[in-house]
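As provided, data_0.txt (compact mmCIF, C-alpha atoms) reads as follows.
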# COMPACT_ATOMS: atom_id res chain seq x y z
CA MET W 819 6.58 -9.81 3.17
CA LEU W 820 4.89 -6.83 1.64
CA GLY W 821 6.27 -3.40 2.45
CA SER W 822 4.71 0.04 2.72
CA GLY W 823 4.70 2.82 0.15
CA GLY W 824 1.27 4.19 -0.74
CA ALA W 825 0.21 3.62 -4.35
CA ARG W 826 3.58 1.99 -5.07
CA GLY W 827 2.15 -0.92 -3.10
CA LEU W 828 0.12 -1.87 -6.15
CA ALA W 829 3.40 -3.38 -7.37
CA HIS W 830 2.78 -6.12 -4.78
CA ILE W 831 0.08 -7.51 -7.07
CA GLY W 832 2.61 -8.01 -9.85
CA VAL W 833 5.08 -9.55 -7.42
CA ILE W 834 2.48 -12.04 -6.18
CA ASP W 835 1.60 -12.93 -9.78
CA CYS W 836 5.26 -13.56 -10.58
CA VAL W 837 5.87 -15.63 -7.45
CA LEU W 838 2.96 -17.91 -8.33
CA GLN W 839 4.08 -18.14 -11.96
CA HIS W 840 7.44 -19.40 -10.72
CA SER W 841 5.60 -22.29 -9.04
CA TYR W 842 6.10 -21.12 -5.48
CA GLU W 843 3.34 -21.74 -2.96
CA ILE W 844 2.58 -18.76 -0.73
CA ARG W 845 2.08 -20.19 2.76
CA SER W 846 1.90 -16.98 4.82
CA VAL W 847 1.75 -13.23 4.28
CA ALA W 848 2.66 -10.22 6.40
CA GLY W 849 2.28 -6.61 5.39
CA ALA W 850 2.50 -3.02 6.54
CA SER W 851 0.34 -0.19 5.21
CA MET W 852 -0.40 -0.84 1.51
CA GLY W 853 1.36 -4.18 1.93
CA ALA W 854 -1.21 -5.11 4.57
CA LEU W 855 -4.06 -4.13 2.25
CA ILE W 856 -2.78 -6.16 -0.71
CA GLY W 857 -1.63 -9.04 1.50
CA GLY W 858 -4.94 -9.23 3.35
CA ILE W 859 -6.96 -9.20 0.16
CA TYR W 860 -4.72 -11.92 -1.31
CA ALA W 861 -5.05 -14.02 1.85
CA ALA W 862 -8.83 -13.67 1.53
CA GLY W 863 -8.65 -15.07 -2.01
CA LYS W 864 -10.04 -11.90 -3.60
CA LEU W 865 -7.00 -10.36 -5.28
CA ASP W 866 -8.41 -10.76 -8.81
CA ALA W 867 -11.56 -8.85 -7.88
CA TYR W 868 -9.48 -6.07 -6.34
CA ARG W 869 -7.17 -5.98 -9.38
CA LYS W 870 -10.10 -5.46 -11.77
CA TRP W 871 -11.49 -2.69 -9.59
CA VAL W 872 -8.24 -0.80 -8.99
CA CYS W 873 -7.14 -1.03 -12.63
CA ALA W 874 -10.33 0.75 -13.66
CA LEU W 875 -9.70 3.74 -11.37
CA THR W 876 -9.13 7.19 -12.85
CA ARG W 877 -7.96 10.31 -11.04
CA ARG W 878 -11.59 11.32 -10.73
CA ASP W 879 -12.41 8.02 -9.00
CA VAL W 880 -9.50 8.45 -6.59
CA PHE W 881 -10.78 11.94 -5.71
CA ARG W 882 -14.20 10.51 -4.97
CA LEU W 883 -12.74 7.94 -2.60
CA LEU W 884 -11.02 10.59 -0.48
CA ASP W 885 -13.42 11.57 2.28
CA LEU W 886 -12.22 14.82 3.85
CA ALA W 887 -12.00 14.51 7.63
CA PHE W 888 -12.24 18.20 8.66
CA VAL W 889 -10.25 17.41 11.82
CA TRP W 890 -6.66 18.13 12.84
CA SER W 891 -5.62 14.47 13.15
CA GLY W 892 -5.67 13.74 9.42
CA LEU W 893 -6.74 15.04 6.02
CA PHE W 894 -8.96 12.07 5.15
CA LYS W 895 -11.09 9.67 7.18
CA GLY W 896 -10.36 6.63 5.04
CA GLU W 897 -13.76 5.13 5.83
CA ARG W 898 -15.12 5.46 2.30
CA ILE W 899 -12.40 3.28 0.80
CA ILE W 900 -12.64 0.74 3.61
CA ASP W 901 -16.43 0.49 3.25
CA LEU W 902 -16.09 -0.01 -0.50
CA LEU W 903 -13.41 -2.69 -0.08
CA ARG W 904 -15.51 -4.42 2.55
CA GLN W 905 -18.36 -4.62 0.03
CA LEU W 906 -16.00 -5.81 -2.72
CA ILE W 907 -14.05 -8.36 -0.68
CA GLY W 908 -16.51 -9.27 2.06
CA ASP W 909 -16.03 -8.94 5.79
CA CYS W 910 -14.10 -11.74 7.45
CA ASN W 911 -11.84 -12.52 10.39
CA ILE W 912 -8.10 -12.95 9.95
CA GLU W 913 -8.08 -16.29 11.76
CA ASP W 914 -10.57 -17.66 9.20
CA LEU W 915 -8.44 -16.82 6.15
CA PRO W 916 -7.11 -19.72 4.04
CA ILE W 917 -3.49 -18.77 4.77
CA PRO W 918 -1.88 -17.11 7.81
CA PHE W 919 -1.85 -13.32 7.59
CA THR W 920 -0.37 -10.58 9.79
CA ALA W 921 -0.99 -6.85 9.44
CA VAL W 922 1.38 -4.49 11.22
CA ALA W 923 0.24 -1.21 12.76
CA THR W 924 1.84 1.20 15.24
CA ASP W 925 0.50 2.15 18.66
CA LEU W 926 0.67 5.94 18.73
CA ASP W 927 0.87 6.06 22.54
CA THR W 928 3.56 3.44 23.15
CA GLY W 929 5.38 3.62 19.82
CA LYS W 930 5.35 -0.18 19.60
CA GLU W 931 4.41 -2.50 16.75
CA VAL W 932 0.97 -4.07 16.86
CA TRP W 933 0.54 -7.38 15.02
CA PHE W 934 -2.97 -8.24 13.88
CA THR W 935 -3.31 -12.01 13.59
CA ARG W 936 -6.93 -12.25 14.73
CA GLY W 937 -10.04 -10.13 14.50
CA ARG W 938 -11.76 -8.38 11.63
CA LEU W 939 -9.60 -8.09 8.54
CA PHE W 940 -10.59 -4.54 7.70
CA ASP W 941 -9.95 -3.29 11.22
CA ALA W 942 -6.38 -4.51 10.76
CA ILE W 943 -6.08 -2.99 7.29
CA ARG W 944 -7.57 0.36 8.33
CA ALA W 945 -5.13 0.61 11.23
CA SER W 946 -2.14 -0.37 9.12
CA ILE W 947 -2.84 2.19 6.36
CA ALA W 948 -3.37 5.16 8.70
CA ILE W 949 -0.54 7.27 7.26
CA PRO W 950 0.08 10.13 9.71
CA THR W 951 -1.36 13.46 8.50
CA VAL W 952 -2.95 11.79 5.45
CA PHE W 953 -5.46 9.47 7.18
CA THR W 954 -6.88 9.84 10.66
CA PRO W 955 -5.68 7.31 13.28
CA HIS W 956 -7.77 4.21 13.87
CA GLY W 957 -9.16 3.55 17.33
CA TYR W 958 -9.18 -0.14 18.23
CA GLU W 959 -9.70 -1.76 21.64
CA GLY W 960 -8.63 1.36 23.49
CA ARG W 961 -5.56 1.93 21.35
CA VAL W 962 -4.83 4.73 18.88
CA LEU W 963 -3.23 3.06 15.87
CA VAL W 964 -1.41 4.47 12.85
CA ASP W 965 0.55 3.21 9.86
CA GLY W 966 2.66 0.10 10.47
CA SER W 967 5.46 1.52 8.35
CA LEU W 968 6.51 3.80 11.22
CA THR W 969 7.91 0.83 13.13
CA ASN W 970 8.26 -1.96 10.55
CA PRO W 971 7.97 -0.99 6.86
CA VAL W 972 9.05 -4.47 5.66
CA PRO W 973 7.62 -6.87 8.27
CA ILE W 974 9.63 -10.08 8.17
CA ALA W 975 9.61 -10.96 11.88
CA PRO W 976 5.87 -11.86 11.98
CA THR W 977 6.50 -14.74 9.54
CA LEU W 978 9.57 -16.26 11.18
CA ARG W 979 7.35 -18.62 13.17
CA ASP W 980 5.68 -19.95 10.01
CA LEU W 981 6.82 -23.17 8.36
CA THR W 982 8.22 -21.88 5.07
CA ASP W 983 11.29 -22.73 3.01
CA LEU W 984 11.87 -19.27 1.57
CA ILE W 985 11.18 -15.74 2.80
CA ILE W 986 10.53 -13.21 0.04
CA ALA W 987 10.40 -9.53 1.01
CA VAL W 988 9.26 -6.61 -1.11
CA ASN W 989 10.75 -3.23 -0.25
CA LEU W 990 8.95 -0.28 -1.85
CA GLY W 991 11.69 2.12 -0.80
CA GLY W 992 14.34 1.13 -3.32
CA LYS W 993 16.78 3.53 -4.96
CA ALA W 994 15.17 6.30 -7.02
CA GLU W 995 15.42 5.63 -10.76
CA HIS W 996 13.35 8.41 -12.38
CA LEU W 997 11.34 5.93 -14.45
CA PRO W 998 9.22 7.25 -17.35
CA ARG W 999 5.54 7.63 -16.60
CA ALA W 1000 2.86 5.70 -18.47
CA ASP W 1001 -0.14 7.74 -17.40
CA GLN W 1002 -3.48 7.31 -19.11
CA PRO W 1003 -5.40 10.62 -19.34
CA ASP W 1004 -8.70 11.02 -17.57
CA PRO W 1005 -11.85 11.96 -19.47
CA PRO W 1006 -11.91 15.72 -20.26
CA PRO W 1007 -13.36 18.01 -17.57
CA GLY W 1008 -16.58 19.93 -17.78
CA GLY W 1009 -19.64 18.10 -16.51
CA VAL W 1010 -17.78 14.82 -15.99
CA LEU W 1011 -16.37 15.68 -12.57
CA ASP W 1012 -19.07 16.04 -9.96
CA GLN W 1013 -19.02 18.82 -7.40
CA TYR W 1014 -17.35 16.71 -4.71
CA SER W 1015 -14.62 15.52 -7.05
CA ARG W 1016 -13.90 19.08 -8.09
CA ALA W 1017 -13.67 20.21 -4.47
CA VAL W 1018 -11.25 17.42 -3.55
CA ALA W 1019 -9.24 17.97 -6.73
CA LYS W 1020 -8.88 21.68 -5.92
CA PHE W 1021 -7.90 20.82 -2.35
CA LEU W 1022 -5.29 18.27 -3.48
CA ASN W 1023 -3.86 20.69 -6.03
CA GLU W 1024 -3.31 23.19 -3.24
CA ILE W 1025 -1.49 20.73 -0.96
CA HIS W 1026 0.12 18.65 -3.74
CA PRO W 1027 1.03 20.94 -6.68
CA GLY W 1028 1.33 19.42 -10.14
CA ASP W 1029 4.55 19.28 -12.13
CA GLY W 1030 5.69 22.56 -13.63
CA GLU W 1031 7.19 22.81 -17.10
CA SER W 1032 9.61 25.71 -16.78
CA GLU W 1033 10.45 25.65 -13.08
CA PRO W 1034 10.80 22.92 -10.46
CA PRO W 1035 7.41 22.43 -8.78
CA ALA W 1036 6.86 23.78 -5.29
CA LEU W 1037 6.52 21.13 -2.61
CA GLY W 1038 3.02 20.70 -1.26
CA LEU W 1039 1.97 19.20 2.04
CA LEU W 1040 1.58 15.69 0.62
CA ASP W 1041 4.98 15.93 -1.05
CA VAL W 1042 6.63 16.83 2.24
CA VAL W 1043 4.77 14.06 4.09
CA ALA W 1044 5.55 11.45 1.43
CA ARG W 1045 9.23 12.31 1.16
CA SER W 1046 9.65 12.50 4.92
CA LEU W 1047 8.02 9.09 5.32
CA ASP W 1048 10.23 7.64 2.59
CA ILE W 1049 13.36 8.85 4.37
CA MET W 1050 12.21 7.52 7.74
CA GLN W 1051 10.96 4.22 6.33
CA GLY W 1052 14.17 3.74 4.38
CA THR W 1053 16.22 4.03 7.55
CA VAL W 1054 13.93 1.71 9.55
CA ALA W 1055 13.73 -0.80 6.67
CA ARG W 1056 17.53 -1.08 6.47
CA LEU W 1057 17.70 -1.83 10.18
CA LYS W 1058 14.89 -4.39 10.01
CA LEU W 1059 16.34 -6.10 6.94
CA ALA W 1060 19.74 -6.30 8.63
CA ALA W 1061 18.17 -7.88 11.71
CA HIS W 1062 16.02 -10.35 9.77
CA ALA W 1063 17.49 -10.78 6.32
CA PRO W 1064 15.05 -12.36 3.84
CA ASP W 1065 16.12 -15.11 1.47
CA VAL W 1066 14.96 -13.00 -1.47
CA LEU W 1067 14.62 -9.22 -1.62
CA ILE W 1068 12.67 -7.47 -4.38
CA GLU W 1069 12.94 -3.68 -4.49
CA ILE W 1070 10.68 -1.11 -6.13
CA PRO W 1071 12.07 2.41 -6.73
CA ARG W 1072 10.81 4.86 -4.14
CA ASP W 1073 9.98 7.37 -6.88
CA ALA W 1074 7.99 4.91 -9.03
CA CYS W 1075 4.77 6.85 -8.36
CA GLY W 1076 3.21 9.31 -5.96
CA LEU W 1077 1.60 8.52 -2.63
CA LEU W 1078 -2.00 8.68 -3.93
CA GLU W 1079 -1.51 7.90 -7.63
CA PHE W 1080 -3.74 4.84 -7.58
CA HIS W 1081 -4.89 5.60 -11.12
CA ARG W 1082 -1.51 4.20 -12.25
CA ALA W 1083 -2.40 0.69 -11.09
CA ARG W 1084 -1.62 -1.17 -14.32
CA GLU W 1085 1.78 0.51 -14.55
CA MET W 1086 2.68 -0.39 -10.95
CA ILE W 1087 1.47 -4.00 -11.30
CA GLU W 1088 3.59 -4.46 -14.42
CA LEU W 1089 6.59 -2.90 -12.67
CA GLY W 1090 6.21 -5.29 -9.74
CA SER W 1091 6.01 -8.26 -12.06
CA ARG W 1092 9.13 -7.21 -13.98
CA ARG W 1093 11.20 -6.55 -10.88
CA ALA W 1094 10.13 -9.83 -9.28
CA ALA W 1095 10.92 -11.80 -12.44
CA ALA W 1096 14.41 -10.29 -12.63
CA VAL W 1097 15.14 -11.52 -9.10
CA LEU W 1098 13.35 -14.88 -9.18
CA ASP W 1099 14.79 -15.87 -12.54
CA ALA W 1100 18.26 -15.65 -11.01
CA ILE W 1101 17.45 -18.18 -8.26
CA PRO W 1102 18.78 -21.69 -9.01
CA GLN W 1103 15.84 -24.04 -9.50
CA THR W 1104 16.91 -26.53 -6.85
CA ARG W 1105 14.12 -26.08 -4.32
CA SER W 1106 12.07 -29.13 -3.36

Could you write out this file's structure as structure tokens?
Amino acid sequence: MLGSGGARGLAHIGVIDCVLQHSYEIRSVAGASMGALIGGIYAAGKLDAYRKWVCALTRRDVFRLLDLAFVWSGLFKGERIIDLLRQLIGDCNIEDLPIPFTAVATDLDTGKEVWFTRGRLFDAIRASIAIPTVFTPHGYEGRVLVDGSLTNPVPIAPTLRDLTDLIIAVNLGGKAEHLPRADQPDPPPGGVLDQYSRAVAKFLNEIHPGDGESEPPALGLLDVVARSLDIMQGTVARLKLAAHAPDVLIEIPRDACGLLEFHRAREMIELGSRRAAAVLDAIPQTRS
């Protein structure tokens, strides 16, 4: 079960790699927010294609993928990234995927969970990743849907009906560890960044200040949103995990990377693989 956490969700790729390397067969997947995106792409059999694409992203590329919404319901529309992923992965229906998949979203009017088990895959993903304030809500069949992490950041319940021997959950809201960064610098500015990228970069710098050297950085809008969501999701996740305890829990530190730091894909994938290996290696090899 793949949890929510913005760019930290790229760690799910490393977890999936490690699970398969330990000779487990993945028979169903459920995910919320970034967990729904990675889980849906895996269920569609296109995770390798996505991995190659996301590992090539730079900060400049991330800026270009952020389509400003110019409305009060969210900073970004999110349609540009969904259209690109649809081209990369291919459009398909959830019920036609090789393995069962559930994406979790939240109905903004009722406050209830919405489980996508049928219908177009990227409708489900777009609804599940609609982080309040960051991405605009997704309208679907008369409902206004937002990020699934608001109601179920580590969705285990959707898989309880599936015939599996072991439930593995990945919580992206683990204890902060202040891990060292392994950033790769972008190409130098000056003619490389196009006008749109510069505009988005300037906008993001205003709402998400960079790290200062002599003084603690001021909190920008995205910092406040991200930290608030982490606090809320941590509380909800603890309740959900207590109600439906997984057989195996893999945790990624909540401060492993920023909400939109998708240019750190390789680092997050490696982190997910390491954390999964540490947990799975400790499981007695007695399964059938």

Item checked: 8 Å contact set for W:Gly853, only C-alpha atoms, chain neighbours under 6 positions out, as a list in words -> Met819, Leu820, Gly821, Ser822, Gly823, Gly827 and His830 of chain W

Next item on the list: Show which residues sit within 9 Å of W:Gly858, as a ChimeraX atom specification. Count only C-alpha atoms, and ignore same-chain residues fewer than 3 positions away.
Entry: /W:847-849,853-855,861-863,865,912,915,919-921,939-940,942-943

Notebook entry, point to check: Mind pulling up the distance from atom CA of W:Pro973 to atom CA of W:His1062?
Noted result: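 Atom CA of W:Pro973 lies 9.2 Å from atom CA of W:His1062.
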
Notebook entry, point to check: Can you tell me, as a VMD selection string, what residues are no more than 8 Å from stretch 894-905 of chain W when counting all atoms listed in the file, ignoring any on the same chain fewer than 2 positions away?
Noted result: chain W and resid 883 to 888 892 907 to 909 940 944 952 to 954

If you take only C-alpha atoms and a cut-off of 8 Å, which residues of stretch 838-933 of chain W touch stretch 958-971 of chain W, and what are their nearest atom pairs and distances in Å to one decimal, in chain and number order, as CSV?
residue,atom,partner,partner_atom,distance
W:Ala850,CA,W:Gly966,CA,5.0
W:Ser851,CA,W:Gly966,CA,5.8
W:Ala921,CA,W:Gly966,CA,7.9
W:Val922,CA,W:Gly966,CA,4.8
W:Ala923,CA,W:Gly966,CA,3.6
W:Thr924,CA,W:Gly966,CA,5.0
W:Asp925,CA,W:Leu963,CA,4.7
W:Leu926,CA,W:Leu963,CA,5.6
W:Asp927,CA,W:Val962,CA,6.9
W:Gly929,CA,W:Thr969,CA,7.7
W:Lys930,CA,W:Thr969,CA,7.0
W:Glu931,CA,W:Thr969,CA,6.0
W:Val932,CA,W:Gly966,CA,7.8

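The nearest approach to W:Glu1069 among the residues W:Cys836, W:Ile986, W:Thr1053, W:Ile947, with all atoms listed in the file taken into account, belongs to W:Ile986.
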
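Interatomic distance, atom CA of W:Ala1060 to atom CA of W:Val1097: 19.0 Å.
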
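Interatomic distance, atom CA of W:Ile1049 to atom CA of W:Arg999: 22.4 Å.
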
Next item on the list: Compare W:Leu1077, W:Val988, W:Asp983, W:Lys1058 by their minimum atom-to-atom distance to W:Ile834, counting all atoms listed in the file, and give me the closest one.
Entry: W:Val988

Next item on the list: Extract, using only C-alpha atoms, all DNA, RNA and protein residues at most 8 Å from W:Gly1090, discarding same-chain residues fewer than 2 positions from it, and format them as a PyMOL selection string.
Entry: chain W and resi 828-833+1070+1086-1088+1092-1094

Notebook entry, point to check: In terms of the shortest atom-to-atom distance over all atoms listed in the file, which of W:Leu875, W:Ile917, W:Ala1063, W:Leu984 is closest to W:Thr935?
Noted result: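 Comparing W:Leu875, W:Ile917, W:Ala1063, W:Leu984 against W:Thr935, the winner is W:Ile917.
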
Notebook entry, point to check: Skipping near chain neighbours, those fewer than 5 positions away, what residues fall within 6 Å of W:Pro1071 using only C-alpha atoms, listed as a list in words?
Noted result: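 Here the answer would be Gly991, Gly992, Lys993 and Ala994 of chain W.
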
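Of the residues listed (W:Val1054, W:Ile974, W:Ala1100, W:Cys910), W:Cys910 shows the shortest atom-to-atom separation from W:Arg936; distances use only C-alpha atoms.
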
Dump stretch 876-900 of chain W with N, CA, C and O atoms to a file, as a compact mmCIF listing (two decimals), in the first residue's frame.
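In the end it all went to result.txt:
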# COMPACT_ATOMS: atom_id res chain seq x y z
N THR W 876 15.26 17.70 -14.38
CA THR W 876 16.01 18.71 -13.65
C THR W 876 15.01 19.69 -13.03
O THR W 876 13.80 19.62 -13.29
N ARG W 877 15.50 20.62 -12.23
CA ARG W 877 14.62 21.64 -11.68
C ARG W 877 13.91 22.39 -12.81
O ARG W 877 12.72 22.71 -12.71
N ARG W 878 14.64 22.69 -13.85
CA ARG W 878 14.07 23.41 -14.99
C ARG W 878 12.89 22.63 -15.57
O ARG W 878 11.84 23.20 -15.87
N ASP W 879 13.06 21.31 -15.71
CA ASP W 879 11.97 20.48 -16.25
C ASP W 879 10.75 20.50 -15.34
O ASP W 879 9.61 20.55 -15.80
N VAL W 880 10.99 20.44 -14.02
CA VAL W 880 9.89 20.47 -13.07
C VAL W 880 9.13 21.79 -13.20
O VAL W 880 7.90 21.82 -13.21
N PHE W 881 9.86 22.90 -13.34
CA PHE W 881 9.21 24.20 -13.52
C PHE W 881 8.31 24.18 -14.75
O PHE W 881 7.19 24.70 -14.74
N ARG W 882 8.81 23.58 -15.81
CA ARG W 882 8.04 23.57 -17.07
C ARG W 882 6.77 22.73 -16.96
O ARG W 882 5.82 22.95 -17.72
N LEU W 883 6.76 21.78 -16.05
CA LEU W 883 5.59 20.93 -15.89
C LEU W 883 4.50 21.57 -15.03
O LEU W 883 3.39 21.07 -14.97
N LEU W 884 4.84 22.65 -14.36
CA LEU W 884 3.89 23.30 -13.46
C LEU W 884 3.10 24.36 -14.22
O LEU W 884 3.62 25.43 -14.53
N ASP W 885 1.86 24.04 -14.53
CA ASP W 885 1.02 24.96 -15.30
C ASP W 885 0.18 25.82 -14.34
O ASP W 885 -0.76 25.33 -13.72
N LEU W 886 0.55 27.08 -14.22
CA LEU W 886 -0.13 27.99 -13.31
C LEU W 886 -1.62 28.04 -13.61
O LEU W 886 -2.03 28.13 -14.77
N ALA W 887 -2.43 28.00 -12.57
CA ALA W 887 -3.88 27.92 -12.74
C ALA W 887 -4.56 29.28 -12.83
O ALA W 887 -5.59 29.42 -13.47
N PHE W 888 -4.00 30.29 -12.16
CA PHE W 888 -4.58 31.64 -12.13
C PHE W 888 -6.03 31.61 -11.61
O PHE W 888 -6.88 32.36 -12.08
N VAL W 889 -6.30 30.72 -10.68
CA VAL W 889 -7.60 30.68 -10.01
C VAL W 889 -7.34 30.53 -8.52
O VAL W 889 -6.23 30.20 -8.09
N TRP W 890 -8.39 30.75 -7.71
CA TRP W 890 -8.23 30.71 -6.26
C TRP W 890 -8.23 29.29 -5.70
O TRP W 890 -7.85 29.08 -4.54
N SER W 891 -8.64 28.30 -6.48
CA SER W 891 -8.77 26.94 -5.94
C SER W 891 -7.48 26.15 -5.94
O SER W 891 -7.42 25.05 -5.40
N GLY W 892 -6.42 26.68 -6.53
CA GLY W 892 -5.14 25.98 -6.54
C GLY W 892 -4.11 26.75 -7.33
O GLY W 892 -4.45 27.52 -8.24
N LEU W 893 -2.83 26.52 -7.00
CA LEU W 893 -1.76 27.22 -7.70
C LEU W 893 -1.54 26.69 -9.11
O LEU W 893 -1.27 27.45 -10.03
N PHE W 894 -1.67 25.36 -9.27
CA PHE W 894 -1.37 24.73 -10.54
C PHE W 894 -2.54 23.86 -11.00
O PHE W 894 -3.25 23.27 -10.19
N LYS W 895 -2.71 23.77 -12.32
CA LYS W 895 -3.80 22.97 -12.87
C LYS W 895 -3.50 21.48 -12.84
O LYS W 895 -4.42 20.66 -12.73
N GLY W 896 -2.25 21.12 -13.02
CA GLY W 896 -1.89 19.70 -13.01
C GLY W 896 -2.19 18.97 -14.30
O GLY W 896 -1.90 17.77 -14.43
N GLU W 897 -2.76 19.67 -15.28
CA GLU W 897 -3.13 19.00 -16.53
C GLU W 897 -1.91 18.70 -17.40
O GLU W 897 -1.89 17.71 -18.14
N ARG W 898 -0.91 19.56 -17.33
CA ARG W 898 0.28 19.35 -18.17
C ARG W 898 0.97 18.04 -17.82
O ARG W 898 1.33 17.26 -18.70
N ILE W 899 1.15 17.79 -16.53
CA ILE W 899 1.82 16.56 -16.12
C ILE W 899 0.96 15.34 -16.44
O ILE W 899 1.47 14.31 -16.89
N ILE W 900 -0.35 15.45 -16.26
CA ILE W 900 -1.23 14.33 -16.55
C ILE W 900 -1.23 14.03 -18.05
O ILE W 900 -1.17 12.85 -18.47
